$ cat coords04.pdb   # PDB, C-alpha atoms
ATOM      1  CA  MET A   1     174.392 105.211 214.716  1.00  0.00           C
ATOM      2  CA  THR A   2     173.361 101.678 215.530  1.00  0.00           C
ATOM      3  CA  VAL A   3     176.262 100.494 217.689  1.00  0.00           C
ATOM      4  CA  GLU A   4     176.260 101.510 221.338  1.00  0.00           C
ATOM      5  CA  PRO A   5     179.569 102.699 222.800  1.00  0.00           C
ATOM      6  CA  ILE A   6     181.408 100.705 225.432  1.00  0.00           C
ATOM      7  CA  VAL A   7     182.236 103.075 228.276  1.00  0.00           C
ATOM      8  CA  VAL A   8     184.302 102.141 231.332  1.00  0.00           C
ATOM      9  CA  ARG A   9     186.175 104.034 234.018  1.00  0.00           C
ATOM     10  CA  ALA A  10     189.984 104.101 234.165  1.00  0.00           C
ATOM     11  CA  GLU A  11     190.000 102.276 237.510  1.00  0.00           C
ATOM     12  CA  ASP A  12     187.708  99.423 236.340  1.00  0.00           C
ATOM     13  CA  ASP A  13     189.387  96.021 236.465  1.00  0.00           C
ATOM     14  CA  LEU A  14     189.925  94.009 233.288  1.00  0.00           C
ATOM     15  CA  GLN A  15     187.112  91.579 234.123  1.00  0.00           C
ATOM     16  CA  HIS A  16     184.629  94.458 234.291  1.00  0.00           C
ATOM     17  CA  VAL A  17     186.026  95.892 231.048  1.00  0.00           C
ATOM     18  CA  ALA A  18     185.668  92.500 229.314  1.00  0.00           C
ATOM     19  CA  GLU A  19     182.094  92.109 230.562  1.00  0.00           C
ATOM     20  CA  ALA A  20     181.210  95.606 229.339  1.00  0.00           C
ATOM     21  CA  ALA A  21     182.755  94.830 225.943  1.00  0.00           C
ATOM     22  CA  ALA A  22     180.896  91.511 225.701  1.00  0.00           C
ATOM     23  CA  SER A  23     177.591  93.291 226.295  1.00  0.00           C
ATOM     24  CA  HIS A  24     178.255  95.496 223.230  1.00  0.00           C
ATOM     25  CA  PRO A  25     179.781  93.079 220.696  1.00  0.00           C
ATOM     26  CA  GLY A  26     179.414  95.470 217.758  1.00  0.00           C
ATOM     27  CA  ALA A  27     181.858  98.018 219.163  1.00  0.00           C
ATOM     28  CA  ARG A  28     185.556  97.424 218.604  1.00  0.00           C
ATOM     29  CA  ILE A  29     186.826 100.320 220.706  1.00  0.00           C
ATOM     30  CA  ILE A  30     186.303 100.777 224.440  1.00  0.00           C
ATOM     31  CA  SER A  31     186.039 104.350 225.697  1.00  0.00           C
ATOM     32  CA  VAL A  32     187.754 105.026 229.022  1.00  0.00           C
ATOM     33  CA  VAL A  33     186.364 108.007 230.942  1.00  0.00           C
ATOM     34  CA  ASP A  34     187.216 109.900 234.107  1.00  0.00           C
ATOM     35  CA  ALA A  35     184.875 110.592 237.034  1.00  0.00           C
ATOM     36  CA  GLY A  36     183.317 113.461 235.063  1.00  0.00           C
ATOM     37  CA  GLY A  37     182.561 111.194 232.119  1.00  0.00           C
ATOM     38  CA  ARG A  38     185.222 112.780 229.886  1.00  0.00           C
ATOM     39  CA  LEU A  39     187.214 110.614 227.486  1.00  0.00           C
ATOM     40  CA  VAL A  40     190.734 109.974 228.798  1.00  0.00           C
ATOM     41  CA  GLY A  41     191.736 106.962 226.707  1.00  0.00           C
ATOM     42  CA  ILE A  42     190.595 104.168 224.458  1.00  0.00           C
ATOM     43  CA  ILE A  43     191.184 100.433 224.372  1.00  0.00           C
ATOM     44  CA  PRO A  44     190.926  98.508 221.121  1.00  0.00           C
ATOM     45  CA  VAL A  45     189.062  95.278 221.920  1.00  0.00           C
ATOM     46  CA  ARG A  46     191.978  93.270 220.445  1.00  0.00           C
ATOM     47  CA  VAL A  47     194.309  94.835 223.065  1.00  0.00           C
ATOM     48  CA  LEU A  48     191.927  93.816 225.854  1.00  0.00           C
ATOM     49  CA  VAL A  49     191.666  90.278 224.493  1.00  0.00           C
ATOM     50  CA  ASN A  50     195.450  89.974 224.145  1.00  0.00           C
ATOM     51  CA  SER A  51     195.984  91.303 227.679  1.00  0.00           C
ATOM     52  CA  ILE A  52     193.592  88.740 229.139  1.00  0.00           C
ATOM     53  CA  PHE A  53     194.882  85.824 227.060  1.00  0.00           C
ATOM     54  CA  LEU A  54     198.409  86.792 228.032  1.00  0.00           C
ATOM     55  CA  LYS A  55     197.485  86.178 231.666  1.00  0.00           C
ATOM     56  CA  ILE A  56     195.718  82.886 230.925  1.00  0.00           C
ATOM     57  CA  VAL A  57     198.148  81.295 228.449  1.00  0.00           C
ATOM     58  CA  PRO A  58     201.381  83.319 228.495  1.00  0.00           C
ATOM     59  CA  GLU A  59     203.276  80.537 226.736  1.00  0.00           C
ATOM     60  CA  GLU A  60     201.302  81.306 223.570  1.00  0.00           C
ATOM     61  CA  PHE A  61     202.911  84.748 223.427  1.00  0.00           C
ATOM     62  CA  LEU A  62     206.466  84.006 224.517  1.00  0.00           C
ATOM     63  CA  GLY A  63     207.517  82.863 221.042  1.00  0.00           C
ATOM     64  CA  GLU A  64     206.545  86.260 219.605  1.00  0.00           C
ATOM     65  CA  ILE A  65     209.055  88.146 221.751  1.00  0.00           C
ATOM     66  CA  THR A  66     212.111  88.850 219.631  1.00  0.00           C
ATOM     67  CA  ASP A  67     213.503  92.129 220.974  1.00  0.00           C
ATOM     68  CA  TYR A  68     213.806  94.351 224.037  1.00  0.00           C
ATOM     69  CA  GLU A  69     210.805  96.541 223.137  1.00  0.00           C
ATOM     70  CA  GLN A  70     208.536  93.501 222.882  1.00  0.00           C
ATOM     71  CA  THR A  71     209.860  92.288 226.242  1.00  0.00           C
ATOM     72  CA  LEU A  72     208.835  95.579 227.845  1.00  0.00           C
ATOM     73  CA  THR A  73     205.401  95.420 226.213  1.00  0.00           C
ATOM     74  CA  TYR A  74     204.968  91.837 227.458  1.00  0.00           C
ATOM     75  CA  ALA A  75     205.931  92.831 230.995  1.00  0.00           C
ATOM     76  CA  ARG A  76     203.556  95.811 230.947  1.00  0.00           C
ATOM     77  CA  HIS A  77     200.640  93.644 229.815  1.00  0.00           C
ATOM     78  CA  MET A  78     201.407  90.938 232.382  1.00  0.00           C
ATOM     79  CA  GLY A  79     201.069  93.551 235.115  1.00  0.00           C
ATOM     80  CA  ALA A  80     197.883  95.089 233.703  1.00  0.00           C
ATOM     81  CA  ARG A  81     194.951  95.008 236.095  1.00  0.00           C
ATOM     82  CA  THR A  82     192.789  97.996 235.137  1.00  0.00           C
ATOM     83  CA  ALA A  83     191.567  99.856 232.063  1.00  0.00           C
ATOM     84  CA  ASN A  84     194.116 102.549 232.846  1.00  0.00           C
ATOM     85  CA  ASP A  85     196.923 100.000 232.501  1.00  0.00           C
ATOM     86  CA  ILE A  86     196.111  99.109 228.876  1.00  0.00           C
ATOM     87  CA  MET A  87     194.439 102.219 227.470  1.00  0.00           C
ATOM     88  CA  ILE A  88     196.040 104.329 224.763  1.00  0.00           C
ATOM     89  CA  GLU A  89     195.708 108.029 223.980  1.00  0.00           C
ATOM     90  CA  PRO A  90     192.129 109.001 223.182  1.00  0.00           C
ATOM     91  CA  VAL A  91     191.034 109.469 219.585  1.00  0.00           C
ATOM     92  CA  SER A  92     187.471 110.539 218.856  1.00  0.00           C
ATOM     93  CA  VAL A  93     185.195 112.379 216.480  1.00  0.00           C
ATOM     94  CA  HIS A  94     182.506 114.967 217.103  1.00  0.00           C
ATOM     95  CA  MET A  95     178.988 114.934 215.698  1.00  0.00           C
ATOM     96  CA  ASP A  96     179.837 117.813 213.343  1.00  0.00           C
ATOM     97  CA  ASP A  97     182.969 116.109 211.923  1.00  0.00           C
ATOM     98  CA  THR A  98     182.719 114.761 208.392  1.00  0.00           C
ATOM     99  CA  CYS A  99     182.940 111.150 207.273  1.00  0.00           C
ATOM    100  CA  ARG A 100     186.330 112.036 205.814  1.00  0.00           C
ATOM    101  CA  ASP A 101     187.496 113.341 209.230  1.00  0.00           C
ATOM    102  CA  ALA A 102     186.408 110.114 210.897  1.00  0.00           C
ATOM    103  CA  PHE A 103     187.989 107.880 208.221  1.00  0.00           C
ATOM    104  CA  GLU A 104     191.263 109.806 208.421  1.00  0.00           C
ATOM    105  CA  ARG A 105     191.425 109.499 212.222  1.00  0.00           C
ATOM    106  CA  MET A 106     190.637 105.792 212.076  1.00  0.00           C
ATOM    107  CA  HIS A 107     193.205 105.183 209.349  1.00  0.00           C
ATOM    108  CA  ARG A 108     195.944 107.256 211.003  1.00  0.00           C
ATOM    109  CA  SER A 109     195.349 105.554 214.356  1.00  0.00           C
ATOM    110  CA  LYS A 110     194.843 102.066 212.855  1.00  0.00           C
ATOM    111  CA  LEU A 111     191.448 101.755 214.564  1.00  0.00           C
ATOM    112  CA  ASN A 112     188.205 100.142 213.367  1.00  0.00           C
ATOM    113  CA  GLY A 113     185.934 102.533 215.217  1.00  0.00           C
ATOM    114  CA  LEU A 114     185.906 105.692 217.299  1.00  0.00           C
ATOM    115  CA  PRO A 115     183.961 107.147 220.181  1.00  0.00           C
ATOM    116  CA  ILE A 116     181.868 110.188 219.356  1.00  0.00           C
ATOM    117  CA  THR A 117     182.329 112.973 221.899  1.00  0.00           C
ATOM    118  CA  ASP A 118     180.529 116.223 222.646  1.00  0.00           C
ATOM    119  CA  ASP A 119     182.093 119.648 223.177  1.00  0.00           C
ATOM    120  CA  GLU A 120     183.022 118.708 226.761  1.00  0.00           C
ATOM    121  CA  ASN A 121     184.722 115.483 225.603  1.00  0.00           C
ATOM    122  CA  ARG A 122     181.998 113.218 227.018  1.00  0.00           C
ATOM    123  CA  VAL A 123     181.243 110.036 225.075  1.00  0.00           C
ATOM    124  CA  ILE A 124     177.861 110.283 223.384  1.00  0.00           C
ATOM    125  CA  GLY A 125     178.156 107.532 220.783  1.00  0.00           C
ATOM    126  CA  TYR A 126     180.308 105.236 218.705  1.00  0.00           C
ATOM    127  CA  VAL A 127     180.956 105.011 214.987  1.00  0.00           C
ATOM    128  CA  ASP A 128     182.264 101.867 213.376  1.00  0.00           C
ATOM    129  CA  GLN A 129     184.393 101.860 210.241  1.00  0.00           C
ATOM    130  CA  LEU A 130     181.974  99.644 208.302  1.00  0.00           C
ATOM    131  CA  GLU A 131     178.946 101.653 209.426  1.00  0.00           C
ATOM    132  CA  LEU A 132     180.698 104.851 208.367  1.00  0.00           C
ATOM    133  CA  LEU A 133     181.598 103.350 204.989  1.00  0.00           C
ATOM    134  CA  LEU A 134     177.986 102.395 204.284  1.00  0.00           C
ATOM    135  CA  VAL A 135     176.744 105.867 205.238  1.00  0.00           C
ATOM    136  CA  TRP A 136     179.302 107.441 202.919  1.00  0.00           C
ATOM    137  CA  VAL A 137     178.497 105.081 200.023  1.00  0.00           C
ATOM    138  CA  HIS A 138     174.769 105.790 200.310  1.00  0.00           C
ATOM    139  CA  ALA A 139     175.275 109.550 200.709  1.00  0.00           C
ATOM    140  CA  SER A 140     177.556 109.674 197.661  1.00  0.00           C
ATOM    141  CA  GLY A 141     175.137 107.714 195.492  1.00  0.00           C
ATOM    142  CA  LEU A 142     177.806 105.123 194.704  1.00  0.00           C
ATOM    143  CA  GLN A 143     175.954 102.067 196.015  1.00  0.00           C
ATOM    144  CA  PRO A 144     175.403 100.748 192.430  1.00  0.00           C
ATOM    145  CA  LEU A 145     179.181 100.202 192.253  1.00  0.00           C
ATOM    146  CA  LEU A 146     178.885  97.666 195.082  1.00  0.00           C
ATOM    147  CA  GLY A 147     176.031  95.635 193.606  1.00  0.00           C
ATOM    148  CA  ARG A 148     175.931  93.025 190.910  1.00  0.00           C
ATOM    149  CA  GLU A 149     176.133  94.014 187.320  1.00  0.00           C
ATOM    150  CA  PRO A 150     172.806  93.732 185.515  1.00  0.00           C
ATOM    151  CA  GLU A 151     172.262  90.586 183.426  1.00  0.00           C
ATOM    152  CA  GLY A 152     173.394  90.955 179.826  1.00  0.00           C
ATOM    153  CA  SER A 153     175.875  93.768 180.500  1.00  0.00           C
TER     154      SER A 153
END

$ encode --input "coords04.pdb" --output "structure tokens"
Amino acid sequence: MTVEPIVVRAEDDLQHVAEAAASHPGARIISVVDAGGRLVGIIPVRVLVNSIFLKIVPEEFLGEITDYEQTLTYARHMGARTANDIMIEPVSVHMDDTCRDAFERMHRSKLNGLPITDDENRVIGYVDQLELLLVWVHASGLQPLLGREPEGS
């Protein structure tokens, strides 16, 4: 694991969350923890960025609202002030999960990375989709499929 996790508390304001995310630019998922350090939610970085831009230049987003559900989402994001306001249900992997487990959770949840948690659901790391792919390719011995074909083949 080469990417450090971004970990914030549910009550942290969006400025703090953005600063924490900026200090770990390789991570695309922010882990939200409770007072005991246990994972209670996650925030995809794109959701954080959209929530902040929505406050700065709301007119850029108004044209995208085409139905009632989008109106409710817009209103919820306009009122967001803390990590708790924009986090989604937690998704994570454990150290003993397989690459396949991690890929399946990322794919099912439409996420580019996941926090790694211990048996007490505390965040101990982060795995990125690309990092996981490279580990799997090397472990499977398939890296020649990704390289150039030899000259004269």

$ closest_residue --input "coords04.pdb" --among "A:Asp13, A:Met106, A:Asp97, A:Leu114" --to "Ile30 in chain A" --atoms "only C-alpha atoms"
A:Leu114

$ resolve_selection --input "coords04.pdb" --expression "the PyMOL selection byres ((chain A and resi 95) around 8)" --output "list in words"
Val93, His94, Asp96, Asp97, Ile116, Thr117 and Asp118 of chain A

$ write_last_selection --input "coords04.pdb" --atoms "C-alpha atoms" --output "PDB file, in the frame of the given file"
ATOM      1  CA  VAL A  93     185.195 112.379 216.480  1.00  0.00           C
ATOM      2  CA  HIS A  94     182.506 114.967 217.103  1.00  0.00           C
ATOM      3  CA  ASP A  96     179.837 117.813 213.343  1.00  0.00           C
ATOM      4  CA  ASP A  97     182.969 116.109 211.923  1.00  0.00           C
ATOM      5  CA  ILE A 116     181.868 110.188 219.356  1.00  0.00           C
ATOM      6  CA  THR A 117     182.329 112.973 221.899  1.00  0.00           C
ATOM      7  CA  ASP A 118     180.529 116.223 222.646  1.00  0.00           C
TER       8      ASP A 118
END

$ resolve_selection --input "coords04.pdb" --expression "the PyMOL selection byres ((chain A and resi 2-9) around 12)" --output "ChimeraX atom specification"
/A:1,10-45,82-85,87,92,113-117,122-132,135

$ write_last_selection --input "coords04.pdb" --atoms "C-alpha atoms" --output "PDB file, in the coordinates of the input"
ATOM      1  CA  MET A   1     174.392 105.211 214.716  1.00  0.00           C
ATOM      2  CA  ALA A  10     189.984 104.101 234.165  1.00  0.00           C
ATOM      3  CA  GLU A  11     190.000 102.276 237.510  1.00  0.00           C
ATOM      4  CA  ASP A  12     187.708  99.423 236.340  1.00  0.00           C
ATOM      5  CA  ASP A  13     189.387  96.021 236.465  1.00  0.00           C
ATOM      6  CA  LEU A  14     189.925  94.009 233.288  1.00  0.00           C
ATOM      7  CA  GLN A  15     187.112  91.579 234.123  1.00  0.00           C
ATOM      8  CA  HIS A  16     184.629  94.458 234.291  1.00  0.00           C
ATOM      9  CA  VAL A  17     186.026  95.892 231.048  1.00  0.00           C
ATOM     10  CA  ALA A  18     185.668  92.500 229.314  1.00  0.00           C
ATOM     11  CA  GLU A  19     182.094  92.109 230.562  1.00  0.00           C
ATOM     12  CA  ALA A  20     181.210  95.606 229.339  1.00  0.00           C
ATOM     13  CA  ALA A  21     182.755  94.830 225.943  1.00  0.00           C
ATOM     14  CA  ALA A  22     180.896  91.511 225.701  1.00  0.00           C
ATOM     15  CA  SER A  23     177.591  93.291 226.295  1.00  0.00           C
ATOM     16  CA  HIS A  24     178.255  95.496 223.230  1.00  0.00           C
ATOM     17  CA  PRO A  25     179.781  93.079 220.696  1.00  0.00           C
ATOM     18  CA  GLY A  26     179.414  95.470 217.758  1.00  0.00           C
ATOM     19  CA  ALA A  27     181.858  98.018 219.163  1.00  0.00           C
ATOM     20  CA  ARG A  28     185.556  97.424 218.604  1.00  0.00           C
ATOM     21  CA  ILE A  29     186.826 100.320 220.706  1.00  0.00           C
ATOM     22  CA  ILE A  30     186.303 100.777 224.440  1.00  0.00           C
ATOM     23  CA  SER A  31     186.039 104.350 225.697  1.00  0.00           C
ATOM     24  CA  VAL A  32     187.754 105.026 229.022  1.00  0.00           C
ATOM     25  CA  VAL A  33     186.364 108.007 230.942  1.00  0.00           C
ATOM     26  CA  ASP A  34     187.216 109.900 234.107  1.00  0.00           C
ATOM     27  CA  ALA A  35     184.875 110.592 237.034  1.00  0.00           C
ATOM     28  CA  GLY A  36     183.317 113.461 235.063  1.00  0.00           C
ATOM     29  CA  GLY A  37     182.561 111.194 232.119  1.00  0.00           C
ATOM     30  CA  ARG A  38     185.222 112.780 229.886  1.00  0.00           C
ATOM     31  CA  LEU A  39     187.214 110.614 227.486  1.00  0.00           C
ATOM     32  CA  VAL A  40     190.734 109.974 228.798  1.00  0.00           C
ATOM     33  CA  GLY A  41     191.736 106.962 226.707  1.00  0.00           C
ATOM     34  CA  ILE A  42     190.595 104.168 224.458  1.00  0.00           C
ATOM     35  CA  ILE A  43     191.184 100.433 224.372  1.00  0.00           C
ATOM     36  CA  PRO A  44     190.926  98.508 221.121  1.00  0.00           C
ATOM     37  CA  VAL A  45     189.062  95.278 221.920  1.00  0.00           C
ATOM     38  CA  THR A  82     192.789  97.996 235.137  1.00  0.00           C
ATOM     39  CA  ALA A  83     191.567  99.856 232.063  1.00  0.00           C
ATOM     40  CA  ASN A  84     194.116 102.549 232.846  1.00  0.00           C
ATOM     41  CA  ASP A  85     196.923 100.000 232.501  1.00  0.00           C
ATOM     42  CA  MET A  87     194.439 102.219 227.470  1.00  0.00           C
ATOM     43  CA  SER A  92     187.471 110.539 218.856  1.00  0.00           C
ATOM     44  CA  GLY A 113     185.934 102.533 215.217  1.00  0.00           C
ATOM     45  CA  LEU A 114     185.906 105.692 217.299  1.00  0.00           C
ATOM     46  CA  PRO A 115     183.961 107.147 220.181  1.00  0.00           C
ATOM     47  CA  ILE A 116     181.868 110.188 219.356  1.00  0.00           C
ATOM     48  CA  THR A 117     182.329 112.973 221.899  1.00  0.00           C
ATOM     49  CA  ARG A 122     181.998 113.218 227.018  1.00  0.00           C
ATOM     50  CA  VAL A 123     181.243 110.036 225.075  1.00  0.00           C
ATOM     51  CA  ILE A 124     177.861 110.283 223.384  1.00  0.00           C
ATOM     52  CA  GLY A 125     178.156 107.532 220.783  1.00  0.00           C
ATOM     53  CA  TYR A 126     180.308 105.236 218.705  1.00  0.00           C
ATOM     54  CA  VAL A 127     180.956 105.011 214.987  1.00  0.00           C
ATOM     55  CA  ASP A 128     182.264 101.867 213.376  1.00  0.00           C
ATOM     56  CA  GLN A 129     184.393 101.860 210.241  1.00  0.00           C
ATOM     57  CA  LEU A 130     181.974  99.644 208.302  1.00  0.00           C
ATOM     58  CA  GLU A 131     178.946 101.653 209.426  1.00  0.00           C
ATOM     59  CA  LEU A 132     180.698 104.851 208.367  1.00  0.00           C
ATOM     60  CA  VAL A 135     176.744 105.867 205.238  1.00  0.00           C
TER      61      VAL A 135
END

$ atom_distance --input "coords04.pdb" --atom1 "CA of Ile86 in chain A" --atom2 "CA of Ser51 in chain A"
7.9 Å

$ atom_distance --input "coords04.pdb" --atom1 "CA of Leu133 in chain A" --atom2 "CA of Val49 in chain A"
25.5 Å

$ axis_aligned_box --input "coords04.pdb" --around "range 103-110 of chain A" --padding-each-side "5 Å" --output "AutoDock Vina command-line options"
--center_x 192.0 --center_y 105.9 --center_z 211.3 --size_x 18.0 --size_y 17.7 --size_z 16.1

$ atom_distance --input "coords04.pdb" --atom1 "CA of His107 in chain A" --atom2 "CA of Glu120 in chain A"
24.3 Å
